[in-house]
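A.B. asks: Starting off with a structure, shown below.
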Amino acid sequence: MDLGEVVRPIIAKYQMTSIKNRWEEATTFGAQTKALAYWIRDSEDVVNIVWLNSDGIRDITWFPSLEQSIFNFLPLRSIASFEVREGKDLARLYGFPVAGGLLIRVFCLAPLGNLTWVADTEKQAQDLHAFARQVFTAYANVMSK
């Protein structure tokens, strides 16, 4: 699947150079937009575009209120562990500037660059659970070799 077809309307919707630049950085190397699985959160407090492909996880985050964008690339072999938490207003409780009750964190072997995904609605949570299962499976397959 070419994730670009799904993401282009989101980038066009916001017309922000910042998120467009992160997309261009994320798609200029390796497996680019050839997603095995993806998760997108498009809400007022955050836009997350996260995808798994053959060479790792790409994660673009844009916080409109902070005027901040981030791109992370994480090879699967760089993952140390995962954490899944659910609870009322959990994301804010842990200091994240977004609403959400499902929090999935991916801890890296390096001291910086951990990934955090937060779902706020039931649909986002269902989609995030499905995406996370794909990531867990890909990680287990890579680590068993």
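Residue names in the structure tokens use chain letters A, B, ... in the order shown, residue numbers from 1 in each chain, and ligand numbers from 1 in the order shown.
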Would you tabulate, counting only C-alpha atoms, all residues of region 67-130 of chain A that have an atom at most 9 Å from an atom of region 16-23 of chain A, showing the closest pair of atoms and their distance in Å to one decimal, sorted by chain then ascending number, as JSON lines?
C.D. replies:
{"residue": "A:Glu67", "atom": "CA", "partner": "A:Ser18", "partner_atom": "CA", "distance": 8.4}
{"residue": "A:Gln68", "atom": "CA", "partner": "A:Ser18", "partner_atom": "CA", "distance": 7.7}
{"residue": "A:Ser69", "atom": "CA", "partner": "A:Ser18", "partner_atom": "CA", "distance": 6.2}
{"residue": "A:Ile70", "atom": "CA", "partner": "A:Arg22", "partner_atom": "CA", "distance": 6.9}
{"residue": "A:Phe71", "atom": "CA", "partner": "A:Arg22", "partner_atom": "CA", "distance": 5.7}
A.B. asks: Could you save the residues just selected, with N, CA and C atoms, as an mmCIF file, in the first residue's frame?
C.D. replies:
data_model
loop_
_atom_site.group_PDB
_atom_site.id
_atom_site.type_symbol
_atom_site.label_atom_id
_atom_site.label_comp_id
_atom_site.auth_asym_id
_atom_site.auth_seq_id
_atom_site.Cartn_x
_atom_site.Cartn_y
_atom_site.Cartn_z
ATOM 1 N N GLU A 67 3.128 24.672 17.776
ATOM 2 C CA GLU A 67 3.819 24.954 16.516
ATOM 3 C C GLU A 67 5.109 24.153 16.424
ATOM 4 N N GLN A 68 4.988 22.848 16.730
ATOM 5 C CA GLN A 68 6.143 21.958 16.758
ATOM 6 C C GLN A 68 5.865 20.706 15.947
ATOM 7 N N SER A 69 6.840 20.322 15.145
ATOM 8 C CA SER A 69 6.731 19.069 14.400
ATOM 9 C C SER A 69 7.958 18.210 14.675
ATOM 10 N N ILE A 70 7.753 16.899 14.600
ATOM 11 C CA ILE A 70 8.813 15.943 14.919
ATOM 12 C C ILE A 70 8.760 14.811 13.901
ATOM 13 N N PHE A 71 9.917 14.327 13.497
ATOM 14 C CA PHE A 71 10.005 13.100 12.712
ATOM 15 C C PHE A 71 10.987 12.176 13.414
#
A.B. asks: Name all residues at most 7 Å from Arg85 (chain A) (count only C-alpha atoms; drop same-chain ones fewer than 5 positions away) and give them as an MDAnalysis selection string.
C.D. replies: chainID A and resid 102:104
A.B. asks: Generate the output file for the selected residues, C-alpha atoms, as a PDB file, in the first residue's frame.
C.D. replies:
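See again.pdb below for the written result:
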ATOM      1  CA  LEU A 102      -4.837   4.845  25.447  1.00  0.00           C
ATOM      2  CA  LEU A 103      -1.092   5.379  25.594  1.00  0.00           C
ATOM      3  CA  ILE A 104       1.429   3.165  23.809  1.00  0.00           C
TER       4      ILE A 104
END
A.B. asks: May I have the residues within 8 Å of region 107-109 of chain A as a PyMOL selection string, using only C-alpha atoms and disregarding those fewer than 4 positions away in the same chain?
C.D. replies: chain A and resi 78-83+113-115
A.B. asks: Selection from above, N, CA and C atoms, as a compact mmCIF listing (two decimals), in the first residue's frame, can you write it?
C.D. replies:
# COMPACT_ATOMS: atom_id res chain seq x y z
N SER A 78 16.16 -1.53 17.10
CA SER A 78 16.50 -0.51 18.10
C SER A 78 15.48 -0.43 19.23
N ILE A 79 14.46 -1.26 19.17
CA ILE A 79 13.43 -1.24 20.22
C ILE A 79 13.88 -2.08 21.40
N ALA A 80 13.73 -1.52 22.59
CA ALA A 80 14.04 -2.24 23.83
C ALA A 80 12.79 -2.88 24.41
N SER A 81 11.67 -2.13 24.41
CA SER A 81 10.43 -2.66 24.97
C SER A 81 9.24 -1.79 24.58
N PHE A 82 8.06 -2.28 24.92
CA PHE A 82 6.81 -1.58 24.66
C PHE A 82 6.05 -1.42 25.98
N GLU A 83 5.23 -0.40 26.05
CA GLU A 83 4.33 -0.23 27.18
C GLU A 83 2.97 0.18 26.65
N GLY A 113 14.61 9.53 21.93
CA GLY A 113 13.88 9.13 20.75
C GLY A 113 12.78 8.12 20.97
N ASN A 114 12.34 7.89 22.21
CA ASN A 114 11.23 6.98 22.43
C ASN A 114 9.99 7.49 21.70
N LEU A 115 9.15 6.59 21.25
CA LEU A 115 7.94 6.96 20.53
C LEU A 115 6.74 6.81 21.46
A.B. asks: Nearest to Thr121 (chain A): which of A:Gly4, A:Gly30, A:Gly101, A:Gly95 is it, counting only C-alpha atoms?
C.D. replies: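 Answer, going by the shortest atom-to-atom distance: A:Gly101.
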A.B. asks: Just list the residues in chain A DSSP gives strand (DSSP E or B) on the backbone, as a count of residues only.
C.D. replies: 50
A.B. asks: Which one is closest to His129 (chain A): A:Ile57, A:Leu76, A:Val46, A:Val84? Count only C-alpha atoms.
C.D. replies: A:Val84
A.B. asks: In terms of the shortest atom-to-atom distance over only C-alpha atoms, which of A:Ser43, A:Met143, A:Leu66, A:Asp2 is closest to Ala99 (chain A)?
C.D. replies: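 Of all the options, A:Ser43 lies closest to Ala99 (chain A).
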A.B. asks: By how many Å are CA of Thr116 (chain A) and CA of Pro75 (chain A) apart?
C.D. replies: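 CA of Thr116 (chain A) sits 15.3 Å away from CA of Pro75 (chain A).
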A.B. asks: Using CA of Ile60 (chain A) and CA of Leu90 (chain A) as the two end points, give the distance in Å to one decimal.
C.D. replies: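 Interatomic distance here is 21.2 Å.
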A.B. asks: So, counting only C-alpha atoms, which residue among A:Lys123, A:Arg133, A:Arg105, A:Arg92 is closest to Leu52 (chain A)?
C.D. replies: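 Selected residue with least distance to Leu52 (chain A): A:Arg133.
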A.B. asks: Between A:Val135, A:Ala130, A:Lys145, A:Glu86, which residue has the minimum interatomic distance to Val118 (chain A), considering only C-alpha atoms?
C.D. replies: A:Glu86
A.B. asks: Kindly indicate which residue among A:Ala138, A:Leu128, A:Ala31, A:Ala91 lies nearest to Val50 (chain A), using only C-alpha atoms for the distances.
C.D. replies: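 Closest residue, counting only C-alpha atoms: A:Leu128.
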A.B. asks: One decimal, Å: what's the distance from CA of Thr61 (chain A) over to CA of Glu5 (chain A), could you say?
C.D. replies: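 Straight-line distance from CA of Thr61 (chain A) to CA of Glu5 (chain A) works out to 18.1 Å.
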